Each structure stands twice: as C-alpha cells, then as structure tokens.
Amino acid sequence: MERAMVDELKDSFYTGREFQLFFKSSTQSLVIKADAPHFTILAVSDDFENNSFRKREELLGEGLFEIFPDNVESPDGKENARLALMDVIASKSSVALPVYKYEIFSPEAGDMVAHYWSNTNQPVLDETGEVAYIINTTVNITRQELLRELNASSKEYLLKQQERINKMFLNAPVGMALFTQDYVIEYANEAICRMWNKGGPKEVTGKSIFQLIPSLEDTKLKSIFDRVMESGNAYISKESPVSYNRNGKVAVYYFDLHFEPIYGLEKEVTGFLSLVNEVTEQVVARRKIENAEERLRLASEATGIGSWDLDLQTGKIIYSPIMAELLGHSGKFDLSQEELWMLVHPDDIHQANHAFEEAMETGIYHCQCRILRPDEQVFWIGVMGKVQYEQDKSPIRMIGTVMDITESKQEEIKKNDFIAIASHELKTPLTSLKAYAQFLKTGKNVTDPGFVSSIAGRIEGQINKMTKLVYSFLDLSRIESGKIEILMEDFDLNQLIREVADDYVLQEKNHPLRFEPTELPLIRADRNKVMQVIDNLISNAIKYSPQGGAVTIHATNEQGFLVVNVEDHGIGIDNNHVTKIFERYYRIDDLQVKNASGFGIGLYLCADIIKRHHGEIGLHSEPGKGSNFYFKLPLQPMPLTQG
C-alpha cells in the first residue's frame with residue numbers, strides 16, 4: 001500500500017492540473033506510465049487529441065492499447081507500437097518509429113482509417129534508474145506518405161486525397177505550413193496565418209517565408225531551416241523566442257516548433273513540414289511567477305525557514321520553495337493539503353492532527369513530528385502557525401513556518417537514550433554489589449578464606465566497573481564544559497600497554513591477549529589519559545569478539561609517531577557505522593550488538609583525548625572478520641588543546 005501511495009504521488013505530477021494545462025499545448029503527444037502491458041495514459045496534448053479524434057476525457061487514465069485497438073486482420077501497427085514501448089523500458093533510451101501504419105476510427109469517415117505516423121518515445125527514469133514514464137511524440141505524417149503513394153497513382157486520385165488532407169489541416173488548431181527547398185510556402189493553414197498576420201492561406205501561398213516576413217532572415221530560424229534541409233533530420237524545440245514585426249512593431253514571441261523534412265521519390269529532401277504552436281502568453285505568465293518565486297526563495301534560503309499559507313475554507317495551500325526542499329519535493333509546488341499530511345510519519349500523525357484541532361480552538365499551531373521523504377529518509381520538522389479569523393470569529397486561513405529540527409531532535413533523543421542506558425549500566429554493578437553484601441551478611445562460608453577472597457574479587461571487579469563509568473561521566477562533563485586537563489609526562493608506552501593487558505589477563509579467561517613489545521622511545525603525553533584510551537579499545541575488542549577470540553595489541557614507531565593497534569577477530573563493523581563510531585552517544589543499532597553493554601561515549605572520549613594530543617584515531621573493519629582500532633601519538637608533542 002505504501003508503494004502504491006508513492007506511485008500515486010509520483011503520478012500526481014503528471015495528472016495534476018498545472019501540468020495538464022501546460023501539456024495541452026505541447027508539441028509532444030502523450031505522457032504514458034511505464035506499467036506494461038497497460039501503458040496508462042496520464043497526459044494528452046491538444047495536438048494528439050485532434051489527430052486521434054478522441055476527447056481527452058476518453059484517453060486519460062486508460063490503457064494505450066485498450067483505447068486504440070488495432071485492426072484484428074492487420075495487427076502489425078499495434079504490435080510495432082507495443083514493441084517500441086517495451087524496447088524503451090528495456091534499453092532505458094529513446095526509441096523511434098520513423099514511419100508506421102496504424103488504423104484509428106475517424107468520425108468523418110465513420111470507419112477505421114489507416115494513418116501513417118512518425119513516433120518517438122522518450123523514457124523518464126525514476127530515482128532507482130528504472131523507466132517510470134514514457135513521453136510520446138506522435139506526428140501524423142499521413143500526408144507525406146499519401147503524397148508518396150499518390151505520385152504513383154492517377155492525377156484524379158491525387159487531387160481527391162489532396163483535398164481531403166487540406167480539409168484536415170485547414171482547421172487544425174496548431175499552425176501548419178509546407179515549404180519547398182527554397183522556403184516557398186506551398187501550403188499554410190489558418191492557424192499559422194494568424195501567427196504571421198500577413199493574410200490568409202491564399203495570400204501567403206507561393207511566397208518565400210523570408211519575403212513575407214523579412215526580419216526572420218536575421219534570426220536563427222534561417223540556420224535551423226537550412227540544417228533540416230541539409231541533414232534530413234527533424235528539429236523540435238520548446239518555447240523558442242522569435243523576434244519579428246507582427247502588429248506594426250517588432251516584439252519577441254515564443255513558439256513550440258517542430259520542423260519535419262519531406263522526401264521525394266528518390267528519398268531526397270524536397271521541403272519540410274512546419275508545426276508551430278504559440279506559447280507566448282504562457283511563457284510570459286510563467287516567468288512573472290518564477291521571478292516572484294525566486295525572490296521568495298532567496299529570502300527563505302537566507303533564513304533556512306520555509307513558509308506556508310493554508311486556506312481553511314478550501315483546503316488549498318501555498319508554500320515556499322524552501323519548504324518544498326525540506327519535505328523532499330524540491331521544485332514541486334502543487335502538493336495538496338492531503339498530500340502533505342501523507343508525508344507525516346504514521347507514528348506521529350495522531351499528534352499532528354491533535355495539534356491542528358487545538359489550533360482551531362487556541363489560534364496557535366505548534367507541532368514537532370517526523371516526515372517520510374520520497375527518498376524514504378526520515379526527518380524531523382518543527383511547524384508553527386497562526387490562525388486568522390473573519391469578523392464573525394470564524395477561522396479562514398492559517399499561515400506559518402516550517403524548519404528542519406532533525407539535528408537538535410536527534411541530539412535530544414541521543415541524550416535520552418544515553419540517560420536510560422547509563423542508568424542501566426550503573427544499576428547492574430550496584431545490584432551485584434548488593435547481592436554480594438547480602439550474601440556476606442548471612443555469615444555463610446565466611447570462615448573459608450578462598451570463598452571470601454573470591455567474593456572480594458568480584459566486589460572489586462564491580463567497583464572497578466562503576467569507577468570507570470563514573471570517570472567516563474566526569475570526563476564527558478569536563479569535555480562539554482571545556483575543563484578537561486592534560487598532564488604531560490615522559491613514560492614507556494610498552495610498559496603502559498603491559499599494565500592494562502595484565503589487568504585483563506586476570507579477568508578474561510576466554511579471550512587471550514597477545515602483546516609483543518618492540519623497541520620504542522619514551523613518549524611525552526598524559527599517561528592516565530592514554531591508559532584510558534588503551535583500556536577502552538581492549539575492552540571493546542573483548543566485548544565484540546566470540547568466545548575464545550584472541551585480541552592482539554601492536555605498538556610501533558612509524559615516521560615520528562608511536563602507533564598502537566588493537567585488533568580482534570569478532571563481528572566487525574559495517575561501513576555505514578565506521579564514520580560515526582567516534583561520535584558522542586553513538587551506538588550501533590544491530591541485532592548482533594544490541595544486547596552489549598555500553599552507552600556510546602567511550603570511543604568519543606578516546607577520540608577527544610587523541611585529538612588533544614594532536615594525534616589521530618581510526619578504524620579498519622570488515623563485517624564478520626573483525627576490527628582494527630588504532631591511534632597515533634606524535635613523538636614531538638605540539639601545544640596541547642585543553643578545552
């Protein structure tokens with residue numbers, strides 16, 4: 001169901017009112033959904049509506065081959081078209097049918113009539129790289145094909161077909177004209193004559209287009225015409241600006257252009273067919289909107305806060321570009337109120353609705369919730385709004401702002417998780433200490449020195465564990481307050497590693513520790529802090545190693561640095577976590593480690609200590625094979641960072 005909702009949201013771009021209005025005047029024909037074998041029609045241009053003799057309402061939402069079935073006796077047209085669409089999906093590239101025959105029902109003829117078409121299918125890829133939609137451009141080239149056929153037939157038949165074609169073209173809403181090699185107008189319909197404003201079809205026929213409108217020779221149209229004639233390739237462009245004198249003054253007008261070469265019997269280019277659709281009003285109106293939106297966008301980007309305006313009577317919402325970006329719909333401005341609600345995380349929809357209901361009573365809307373972006377990423381947003389009222393106190397609109405609060409919210413969640421985990425970590429040794437104390441209180445076996453020594457050792461172990469936890473908390477507090485202290489002294493790094501390792505040898509019987517010292521110079525650093533780093537890395541290596549898994553420690557002198565490596569052969573760490581493992585409160589959300597103790601500050605403290613020594617800490621890991629944590633300390637210490 002969620003996938004269907006996502007598909008519906010994607011389709012809504014093409015089925016939305018704004019796109020439908022825009023596409024009506026397109027030189028392209030159809031927007032088809034790549035849902036083979038149905039190939040659902042999502043948008044239809046006026047040109048295609050007229051060529052197909054079908055109303056837009058009959059076409060939208062229907063399967064292409066269901067609405068245009070082929071002649072049962074001659075299914076080649078349908079099969080060729082279907083194979084072309086399947087080829088687009090398979091190849092993910094444009095597929096053209098320069099000429100193919102397809103029968104459609106003609107109301108004028110009252111029967112299925114064969115037409116010839118030039119067809120191009122352009123894929124539109126989704127975020128996964130798969131073909132989601134196909135933009136189809138179909139040009140009715142019946143006239144050219146019929147002309148080729150008629151050249152071999154009788155003059156009477158040619159005249160009849162010419163009359164029929166002329167009648168079909170004469171009232172076409174798109175401007176059409178036929179030009180010879182010398183750019184002389186052989187034919188022009190009423191629509192293109194209105195664009196030229198130089199008389200009707202009879203007045204312009206037989207004249208060169210550049211004789212009719214001399215200023216066009218100085219535009220790029222001349223070179224485009226030449227290129228079509230010389231190459232034999234069609235030219236298609238949208239919103240092309242053309243400057244010429246139409247109503248007594250020179251002005252810039254905008255057109256969607258399609259120039260299709262016409263071939264003679266010897267397959268030579270004898271002229272070209274011009275299809276022109278004027279879009280000047282649409283372009284001017286859109287640019288005014290774009291200029292206003294650009295000013296609003298720049299203002300919004302400066303603050304990083306999106307704005308919105310909701311009509312409480314109609315439910316229509318207007319929002320800024322920055323809000324669209326925050327919601328993962330950059331550049332999309334036709335989302336409805338219902339579509340925006342669908343972005344809210346299912347677990348947060350109740351509180352968002354409750355906040356809206358309260359706003360209707362209090363006049364103030366305040367909500368923090370998660371949203372699911374189209375790329376399936378989860379973000380936190382903070383929404384503020386204020387209700388505006390009519391004189392009778394009825395709410396009419398709500399205006400407000402939205403901002404990304406993901407970082408602060410995640411920080412808050414991390415802190416809450418840290419408190420919960422830290423409480424659990426402290427509770428465990430306290431519970432053990434209480435149990436040992438109660439056992440000693442009973443007086444049983446107190447005369448057995450071995451038993452008492454064992455209990456004392458366990459008590460000491462729990463106290464040491466609590467001590468490490470408390471010191472970690474203190475160090476974290478000192479880091480955040482900028483009061484951590486580094487005390488420098490010269491010491492033997494091999495001896496320090498041996499001390500830490502020996503403590504674990506006594507405690508850990510199931511994880512052998514291997515350390516072979518090499519000759520090292522004395523290092524000048526904070527001995528206790530470096531010991532804390534080594535202890536933490538060894539503890540982690542043991543914690544995430546299997547029973548009996550050995551932990552190996554190396555210390556070497558490499559190019560002015562003493563380098564310590566702590567290597568295990570445990571579960572390893574996925575690459576997704578490697579860059580985050582040293583962040584504060586970060587814990588790996590993985591089934592293999594979710595039950596492991598720890599609260600996400602040990603490695604953060606290690607990283608801070610090494611950073612204050614102007615060293616380097618890092619990790620090499622491979623899931624299932626183990627991890628190698630390392631740190632480097634400079635032999636020539638730089639000035640320390642104390643806070």
# chains A, B, ... in the order shown; residues from 1 in each chain; ligands from 1
>>> residues_around(residues="Gln547 in chain A", least_positions_apart="4", cutoff="12 Å", atoms="only C-alpha atoms", output="ChimeraX atom specification")
/A:508-512,541-543,551,568-571
>>> write_last_selection(atoms="C-alpha atoms", output="PDB file, in the first residue's frame")
ATOM      1  CA  GLU A 508      39.366 -12.572  30.975  1.00  0.00           C
ATOM      2  CA  LYS A 509      39.910 -16.318  30.678  1.00  0.00           C
ATOM      3  CA  ASN A 510      38.006 -16.661  27.394  1.00  0.00           C
ATOM      4  CA  HIS A 511      39.825 -14.019  25.337  1.00  0.00           C
ATOM      5  CA  PRO A 512      43.620 -14.427  25.073  1.00  0.00           C
ATOM      6  CA  ALA A 541      37.675  -5.743  21.321  1.00  0.00           C
ATOM      7  CA  ILE A 542      36.841  -8.314  24.025  1.00  0.00           C
ATOM      8  CA  LYS A 543      33.177  -7.299  24.174  1.00  0.00           C
ATOM      9  CA  VAL A 551      42.860  -9.819  20.934  1.00  0.00           C
ATOM     10  CA  ASP A 568      40.149  -8.505  17.180  1.00  0.00           C
ATOM     11  CA  HIS A 569      38.516 -11.207  15.073  1.00  0.00           C
ATOM     12  CA  GLY A 570      34.945 -10.501  16.120  1.00  0.00           C
ATOM     13  CA  ILE A 571      31.778  -9.428  14.342  1.00  0.00           C
TER      14      ILE A 571
END
>>> residues_around(residues="Asp347 in chain A", least_positions_apart="4", cutoff="12 Å", atoms="only C-alpha atoms", output="list of chain:residue names")
A:Met342, A:Leu343, A:Gln351, A:Ala352, A:Asn353, A:Cys369, A:Arg370, A:Ile371, A:Leu372, A:Val378
>>> write_last_selection(atoms="N, CA and C atoms", output="PDB file, in the first residue's frame")
ATOM      1  N   MET A 342       0.108  13.215   4.125  1.00  0.00           N
ATOM      2  CA  MET A 342       0.585  11.856   3.861  1.00  0.00           C
ATOM      3  C   MET A 342       2.093  11.720   4.081  1.00  0.00           C
ATOM      4  N   LEU A 343       2.813  12.844   4.110  1.00  0.00           N
ATOM      5  CA  LEU A 343       4.249  12.799   4.367  1.00  0.00           C
ATOM      6  C   LEU A 343       4.564  12.591   5.839  1.00  0.00           C
ATOM      7  N   GLN A 351      -0.595  12.945  16.745  1.00  0.00           N
ATOM      8  CA  GLN A 351      -0.248  14.173  17.459  1.00  0.00           C
ATOM      9  C   GLN A 351      -0.313  15.390  16.538  1.00  0.00           C
ATOM     10  N   ALA A 352       0.007  15.206  15.228  1.00  0.00           N
ATOM     11  CA  ALA A 352      -0.104  16.313  14.280  1.00  0.00           C
ATOM     12  C   ALA A 352      -1.564  16.735  14.120  1.00  0.00           C
ATOM     13  N   ASN A 353      -2.460  15.741  14.035  1.00  0.00           N
ATOM     14  CA  ASN A 353      -3.893  16.044  13.938  1.00  0.00           C
ATOM     15  C   ASN A 353      -4.410  16.716  15.210  1.00  0.00           C
ATOM     16  N   CYS A 369       7.202  16.828  14.463  1.00  0.00           N
ATOM     17  CA  CYS A 369       6.881  15.478  14.002  1.00  0.00           C
ATOM     18  C   CYS A 369       7.896  15.037  12.960  1.00  0.00           C
ATOM     19  N   ARG A 370       7.878  13.743  12.686  1.00  0.00           N
ATOM     20  CA  ARG A 370       8.737  13.174  11.653  1.00  0.00           C
ATOM     21  C   ARG A 370       7.997  13.154  10.318  1.00  0.00           C
ATOM     22  N   ILE A 371       8.776  13.286   9.238  1.00  0.00           N
ATOM     23  CA  ILE A 371       8.206  13.155   7.897  1.00  0.00           C
ATOM     24  C   ILE A 371       8.991  12.089   7.143  1.00  0.00           C
ATOM     25  N   LEU A 372       8.288  11.427   6.230  1.00  0.00           N
ATOM     26  CA  LEU A 372       8.912  10.438   5.355  1.00  0.00           C
ATOM     27  C   LEU A 372       9.068  11.063   3.978  1.00  0.00           C
ATOM     28  N   VAL A 378      13.983   9.737   6.894  1.00  0.00           N
ATOM     29  CA  VAL A 378      13.126  10.283   7.943  1.00  0.00           C
ATOM     30  C   VAL A 378      13.771  11.558   8.495  1.00  0.00           C
TER      31      VAL A 378
END
>>> closest_residue(among="A:Ala114, A:Val174, A:Leu212, A:Leu513", to="Asn277 in chain A", atoms="only C-alpha atoms")
A:Val174
>>> residues_around(residues="range 220-223 of chain A", least_positions_apart="6", cutoff="12 Å", atoms="only C-alpha atoms", output="ChimeraX atom specification")
/A:182-183,208-210,213-214,229-231,235,237,240-244,255,257-259,274
>>> atom_distance(atom1="CA of Val99 in chain A", atom2="CA of Lys33 in chain A")
23.0 Å
>>> select_by_dssp(residues="range 482-642 of chain A", states="alpha helix (DSSP H)", output="PyMOL selection string")
chain A and resi 493-507+527-543+575-578+602-612
>>> write_last_selection(atoms="N, CA and C atoms", output="compact mmCIF listing (two decimals), in the first residue's frame")
# COMPACT_ATOMS: atom_id res chain seq x y z
N LEU A 493 55.58 3.52 26.68
CA LEU A 493 54.29 3.07 26.17
C LEU A 493 54.14 1.55 26.27
N ASN A 494 55.27 0.80 26.07
CA ASN A 494 55.21 -0.66 26.20
C ASN A 494 54.78 -1.07 27.61
N GLN A 495 55.36 -0.40 28.59
CA GLN A 495 55.03 -0.73 29.99
C GLN A 495 53.57 -0.43 30.29
N LEU A 496 53.06 0.70 29.74
CA LEU A 496 51.67 1.07 29.97
C LEU A 496 50.72 0.03 29.36
N ILE A 497 51.02 -0.39 28.13
CA ILE A 497 50.17 -1.40 27.48
C ILE A 497 50.20 -2.70 28.28
N ARG A 498 51.41 -3.09 28.78
CA ARG A 498 51.52 -4.33 29.55
C ARG A 498 50.69 -4.26 30.82
N GLU A 499 50.67 -3.08 31.50
CA GLU A 499 49.88 -2.94 32.73
C GLU A 499 48.39 -3.15 32.45
N VAL A 500 47.89 -2.50 31.39
CA VAL A 500 46.46 -2.64 31.06
C VAL A 500 46.15 -4.08 30.66
N ALA A 501 47.01 -4.68 29.83
CA ALA A 501 46.78 -6.04 29.37
C ALA A 501 46.80 -7.03 30.53
N ASP A 502 47.72 -6.83 31.50
CA ASP A 502 47.80 -7.76 32.64
C ASP A 502 46.52 -7.73 33.46
N ASP A 503 45.91 -6.57 33.59
CA ASP A 503 44.64 -6.49 34.33
C ASP A 503 43.57 -7.36 33.65
N TYR A 504 43.56 -7.34 32.32
CA TYR A 504 42.56 -8.13 31.60
C TYR A 504 42.91 -9.62 31.61
N VAL A 505 44.20 -9.94 31.65
CA VAL A 505 44.59 -11.35 31.71
C VAL A 505 44.02 -12.01 32.95
N LEU A 506 43.98 -11.27 34.08
CA LEU A 506 43.43 -11.81 35.32
C LEU A 506 41.92 -11.95 35.25
N GLN A 507 41.27 -11.04 34.49
CA GLN A 507 39.80 -11.03 34.45
C GLN A 507 39.24 -11.90 33.33
N ARG A 527 49.77 10.22 30.75
CA ARG A 527 49.82 8.76 30.90
C ARG A 527 48.45 8.18 31.23
N ASN A 528 47.74 8.81 32.15
CA ASN A 528 46.43 8.28 32.56
C ASN A 528 45.41 8.33 31.43
N LYS A 529 45.47 9.42 30.67
CA LYS A 529 44.51 9.53 29.57
C LYS A 529 44.81 8.51 28.47
N VAL A 530 46.08 8.31 28.15
CA VAL A 530 46.45 7.31 27.16
C VAL A 530 46.07 5.91 27.65
N MET A 531 46.26 5.68 28.96
CA MET A 531 45.85 4.39 29.54
C MET A 531 44.34 4.19 29.36
N GLN A 532 43.57 5.26 29.53
CA GLN A 532 42.12 5.18 29.36
C GLN A 532 41.75 4.80 27.93
N VAL A 533 42.48 5.35 26.96
CA VAL A 533 42.23 5.01 25.55
C VAL A 533 42.52 3.53 25.29
N ILE A 534 43.70 3.06 25.75
CA ILE A 534 44.08 1.66 25.53
C ILE A 534 43.09 0.73 26.21
N ASP A 535 42.71 1.06 27.44
CA ASP A 535 41.76 0.23 28.18
C ASP A 535 40.42 0.14 27.44
N ASN A 536 39.97 1.25 26.92
CA ASN A 536 38.68 1.26 26.22
C ASN A 536 38.73 0.43 24.94
N LEU A 537 39.82 0.54 24.18
CA LEU A 537 39.92 -0.22 22.93
C LEU A 537 40.01 -1.72 23.19
N ILE A 538 40.76 -2.11 24.24
CA ILE A 538 40.84 -3.54 24.57
C ILE A 538 39.49 -4.05 25.05
N SER A 539 38.82 -3.26 25.90
CA SER A 539 37.51 -3.65 26.41
C SER A 539 36.52 -3.87 25.27
N ASN A 540 36.50 -2.96 24.29
CA ASN A 540 35.61 -3.11 23.15
C ASN A 540 35.95 -4.34 22.32
N ALA A 541 37.26 -4.58 22.12
CA ALA A 541 37.67 -5.74 21.32
C ALA A 541 37.21 -7.04 21.97
N ILE A 542 37.30 -7.11 23.31
CA ILE A 542 36.84 -8.31 24.03
C ILE A 542 35.32 -8.43 23.94
N LYS A 543 34.64 -7.31 24.12
CA LYS A 543 33.18 -7.30 24.17
C LYS A 543 32.56 -7.82 22.88
N ASN A 575 30.44 -0.57 7.05
CA ASN A 575 30.94 0.74 6.60
C ASN A 575 30.02 1.89 6.95
N ASN A 576 28.71 1.60 7.09
CA ASN A 576 27.76 2.66 7.43
C ASN A 576 28.04 3.26 8.80
N HIS A 577 28.70 2.50 9.67
CA HIS A 577 28.93 2.95 11.03
C HIS A 577 30.35 3.49 11.25
N VAL A 578 31.28 3.17 10.33
CA VAL A 578 32.69 3.50 10.56
C VAL A 578 32.90 5.00 10.76
N GLY A 602 32.46 5.98 25.19
CA GLY A 602 33.84 5.50 25.36
C GLY A 602 34.72 5.92 24.20
N LEU A 603 34.31 5.61 22.98
CA LEU A 603 35.12 5.95 21.81
C LEU A 603 35.13 7.45 21.56
N TYR A 604 34.04 8.13 21.95
CA TYR A 604 34.02 9.59 21.83
C TYR A 604 35.09 10.21 22.73
N LEU A 605 35.24 9.68 23.97
CA LEU A 605 36.27 10.17 24.89
C LEU A 605 37.66 9.86 24.34
N CYS A 606 37.82 8.64 23.79
CA CYS A 606 39.11 8.28 23.21
C CYS A 606 39.50 9.26 22.09
N ALA A 607 38.53 9.54 21.21
CA ALA A 607 38.81 10.44 20.09
C ALA A 607 39.19 11.82 20.59
N ASP A 608 38.52 12.30 21.65
CA ASP A 608 38.82 13.63 22.17
C ASP A 608 40.22 13.67 22.79
N ILE A 609 40.58 12.61 23.52
CA ILE A 609 41.92 12.56 24.15
C ILE A 609 43.01 12.60 23.08
N ILE A 610 42.87 11.77 22.05
CA ILE A 610 43.89 11.72 20.99
C ILE A 610 43.94 13.04 20.23
N LYS A 611 42.77 13.64 20.01
CA LYS A 611 42.73 14.93 19.32
C LYS A 611 43.49 16.00 20.11
N ARG A 612 43.32 15.99 21.45
CA ARG A 612 44.00 17.00 22.28
C ARG A 612 45.52 16.78 22.30
>>> closest_residue(among="A:Ile141, A:Ile399, A:Tyr365, A:Asp348", to="Phe272 in chain A", atoms="only C-alpha atoms")
A:Ile141
>>> atom_distance(atom1="CA of Phe19 in chain A", atom2="CA of Asp334 in chain A")
9.5 Å
>>> residues_around(residues="Met112 in chain A", least_positions_apart="3", cutoff="6 Å", atoms="only C-alpha atoms", output="number ranges by chain")
A: 103-105
>>> residues_around(residues="range 304-307 of chain A", least_positions_apart="2", cutoff="8 Å", atoms="only C-alpha atoms", output="list in words")
Ser300, Glu301, Ala302, Asp309, Tyr319, Ser320, Pro321, Ile322, Met323, Ala324, Leu326, Ile399, Gly400, Thr401, Val402, Met403 and Asp404 of chain A
>>> write_last_selection(atoms="N, CA and C atoms", output="mmCIF file, in the first residue's frame")
data_model
loop_
_atom_site.group_PDB
_atom_site.id
_atom_site.type_symbol
_atom_site.label_atom_id
_atom_site.label_comp_id
_atom_site.auth_asym_id
_atom_site.auth_seq_id
_atom_site.Cartn_x
_atom_site.Cartn_y
_atom_site.Cartn_z
ATOM 1 N N SER A 300 13.837 33.016 1.726
ATOM 2 C CA SER A 300 13.672 31.818 2.550
ATOM 3 C C SER A 300 15.011 31.141 2.795
ATOM 4 N N GLU A 301 15.840 31.066 1.744
ATOM 5 C CA GLU A 301 17.130 30.407 1.889
ATOM 6 C C GLU A 301 18.012 31.136 2.885
ATOM 7 N N ALA A 302 17.869 32.457 2.946
ATOM 8 C CA ALA A 302 18.685 33.234 3.882
ATOM 9 C C ALA A 302 18.384 32.854 5.330
ATOM 10 N N ASP A 309 0.873 28.972 3.611
ATOM 11 C CA ASP A 309 -0.373 29.718 3.774
ATOM 12 C C ASP A 309 -1.512 28.771 3.400
ATOM 13 N N TYR A 319 2.982 27.291 -0.559
ATOM 14 C CA TYR A 319 4.175 27.174 0.276
ATOM 15 C C TYR A 319 5.411 27.617 -0.501
ATOM 16 N N SER A 320 6.455 27.923 0.256
ATOM 17 C CA SER A 320 7.678 28.460 -0.337
ATOM 18 C C SER A 320 8.572 27.337 -0.863
ATOM 19 N N PRO A 321 9.522 27.672 -1.763
ATOM 20 C CA PRO A 321 10.439 26.652 -2.288
ATOM 21 C C PRO A 321 11.242 25.961 -1.202
ATOM 22 N N ILE A 322 11.647 26.703 -0.150
ATOM 23 C CA ILE A 322 12.463 26.088 0.898
ATOM 24 C C ILE A 322 11.663 25.031 1.639
ATOM 25 N N MET A 323 10.338 25.229 1.764
ATOM 26 C CA MET A 323 9.508 24.204 2.402
ATOM 27 C C MET A 323 9.452 22.959 1.528
ATOM 28 N N ALA A 324 9.338 23.153 0.213
ATOM 29 C CA ALA A 324 9.336 22.003 -0.693
ATOM 30 C C ALA A 324 10.634 21.214 -0.557
ATOM 31 N N LEU A 326 12.610 21.107 2.153
ATOM 32 C CA LEU A 326 12.616 20.439 3.456
ATOM 33 C C LEU A 326 11.820 19.144 3.411
ATOM 34 N N ILE A 399 -1.425 30.781 8.580
ATOM 35 C CA ILE A 399 -0.107 30.997 7.983
ATOM 36 C C ILE A 399 0.942 30.576 8.999
ATOM 37 N N GLY A 400 2.079 30.129 8.501
ATOM 38 C CA GLY A 400 3.087 29.670 9.450
ATOM 39 C C GLY A 400 4.418 29.367 8.795
ATOM 40 N N THR A 401 5.266 28.722 9.556
ATOM 41 C CA THR A 401 6.617 28.390 9.122
ATOM 42 C C THR A 401 6.909 26.927 9.425
ATOM 43 N N VAL A 402 7.934 26.412 8.735
ATOM 44 C CA VAL A 402 8.405 25.049 8.983
ATOM 45 C C VAL A 402 9.923 25.058 8.868
ATOM 46 N N MET A 403 10.574 24.331 9.764
ATOM 47 C CA MET A 403 12.031 24.268 9.731
ATOM 48 C C MET A 403 12.504 22.867 10.091
ATOM 49 N N ASP A 404 13.690 22.549 9.604
ATOM 50 C CA ASP A 404 14.303 21.245 9.860
ATOM 51 C C ASP A 404 14.923 21.245 11.263
#
>>> atom_distance(atom1="CA of Leu562 in chain A", atom2="CA of Glu616 in chain A")
10.6 Å
>>> closest_residue(among="A:Thr406, A:Asp126, A:Arg295, A:Phe13", to="Glu339 in chain A", atoms="only C-alpha atoms")
A:Phe13
>>> closest_residue(among="A:Leu60, A:Gly199, A:Gln181, A:Thr314", to="Glu268 in chain A", atoms="only C-alpha atoms")
A:Gln181
>>> select_by_dssp(residues="range 489-570 of chain A", states="strand (DSSP E)", output="VMD selection string")
chain A and resid 489 to 491 513 to 515 523 to 525 551 to 558 561 to 568
>>> closest_residue(among="A:Gln391, A:Gln636, A:Thr579, A:Gln368", to="His620 in chain A", atoms="only C-alpha atoms")
A:Thr579
>>> residues_around(residues="range 629-633 of chain A", least_positions_apart="4", cutoff="7 Å", atoms="only C-alpha atoms", output="MDAnalysis selection string")
chainID A and resid 561:567 613 615:620
>>> residues_around(residues="range 48-50 of chain A", least_positions_apart="4", cutoff="12 Å", atoms="only C-alpha atoms", output="ChimeraX atom specification")
/A:23-31,41,43-44,54-60,106-107,117,119,136-140,168-169,171-174
>>> decode(residues="range 356-375 of chain A", atoms="N, CA and C atoms", output="compact mmCIF listing (two decimals), in the first residue's frame")
# COMPACT_ATOMS: atom_id res chain seq x y z
N PHE A 356 -3.44 20.27 15.28
CA PHE A 356 -4.27 21.05 14.36
C PHE A 356 -5.63 21.36 14.99
N GLU A 357 -6.22 20.36 15.65
CA GLU A 357 -7.51 20.57 16.31
C GLU A 357 -7.39 21.61 17.42
N GLU A 358 -6.30 21.56 18.18
CA GLU A 358 -6.09 22.55 19.24
C GLU A 358 -5.94 23.95 18.64
N ALA A 359 -5.28 24.04 17.48
CA ALA A 359 -5.08 25.34 16.83
C ALA A 359 -6.41 25.99 16.47
N MET A 360 -7.40 25.16 16.11
CA MET A 360 -8.72 25.70 15.77
C MET A 360 -9.39 26.33 16.99
N GLU A 361 -8.96 25.92 18.19
CA GLU A 361 -9.52 26.48 19.42
C GLU A 361 -8.66 27.60 19.99
N THR A 362 -7.34 27.43 19.93
CA THR A 362 -6.43 28.40 20.55
C THR A 362 -5.91 29.45 19.58
N GLY A 363 -5.93 29.13 18.28
CA GLY A 363 -5.39 30.06 17.28
C GLY A 363 -3.91 29.87 17.02
N ILE A 364 -3.25 28.97 17.76
CA ILE A 364 -1.81 28.75 17.60
C ILE A 364 -1.57 27.27 17.28
N TYR A 365 -0.80 27.04 16.21
CA TYR A 365 -0.44 25.67 15.83
C TYR A 365 1.03 25.46 16.12
N HIS A 366 1.33 24.41 16.88
CA HIS A 366 2.71 24.08 17.20
C HIS A 366 2.85 22.56 17.21
N CYS A 367 3.77 22.06 16.38
CA CYS A 367 3.91 20.61 16.29
C CYS A 367 5.34 20.27 15.88
N GLN A 368 5.88 19.22 16.50
CA GLN A 368 7.14 18.63 16.08
C GLN A 368 6.85 17.18 15.69
N CYS A 369 7.20 16.83 14.46
CA CYS A 369 6.88 15.48 14.00
C CYS A 369 7.90 15.04 12.96
N ARG A 370 7.88 13.74 12.69
CA ARG A 370 8.74 13.17 11.65
C ARG A 370 8.00 13.15 10.32
N ILE A 371 8.78 13.29 9.24
CA ILE A 371 8.21 13.16 7.90
C ILE A 371 8.99 12.09 7.14
N LEU A 372 8.29 11.43 6.23
CA LEU A 372 8.91 10.44 5.35
C LEU A 372 9.07 11.06 3.98
N ARG A 373 10.31 11.37 3.62
CA ARG A 373 10.55 11.97 2.32
C ARG A 373 10.40 10.92 1.21
N PRO A 374 10.23 11.36 -0.04
CA PRO A 374 10.10 10.40 -1.14
C PRO A 374 11.29 9.46 -1.25
N ASP A 375 12.49 9.91 -0.82
CA ASP A 375 13.67 9.02 -0.86
C ASP A 375 13.72 8.11 0.35
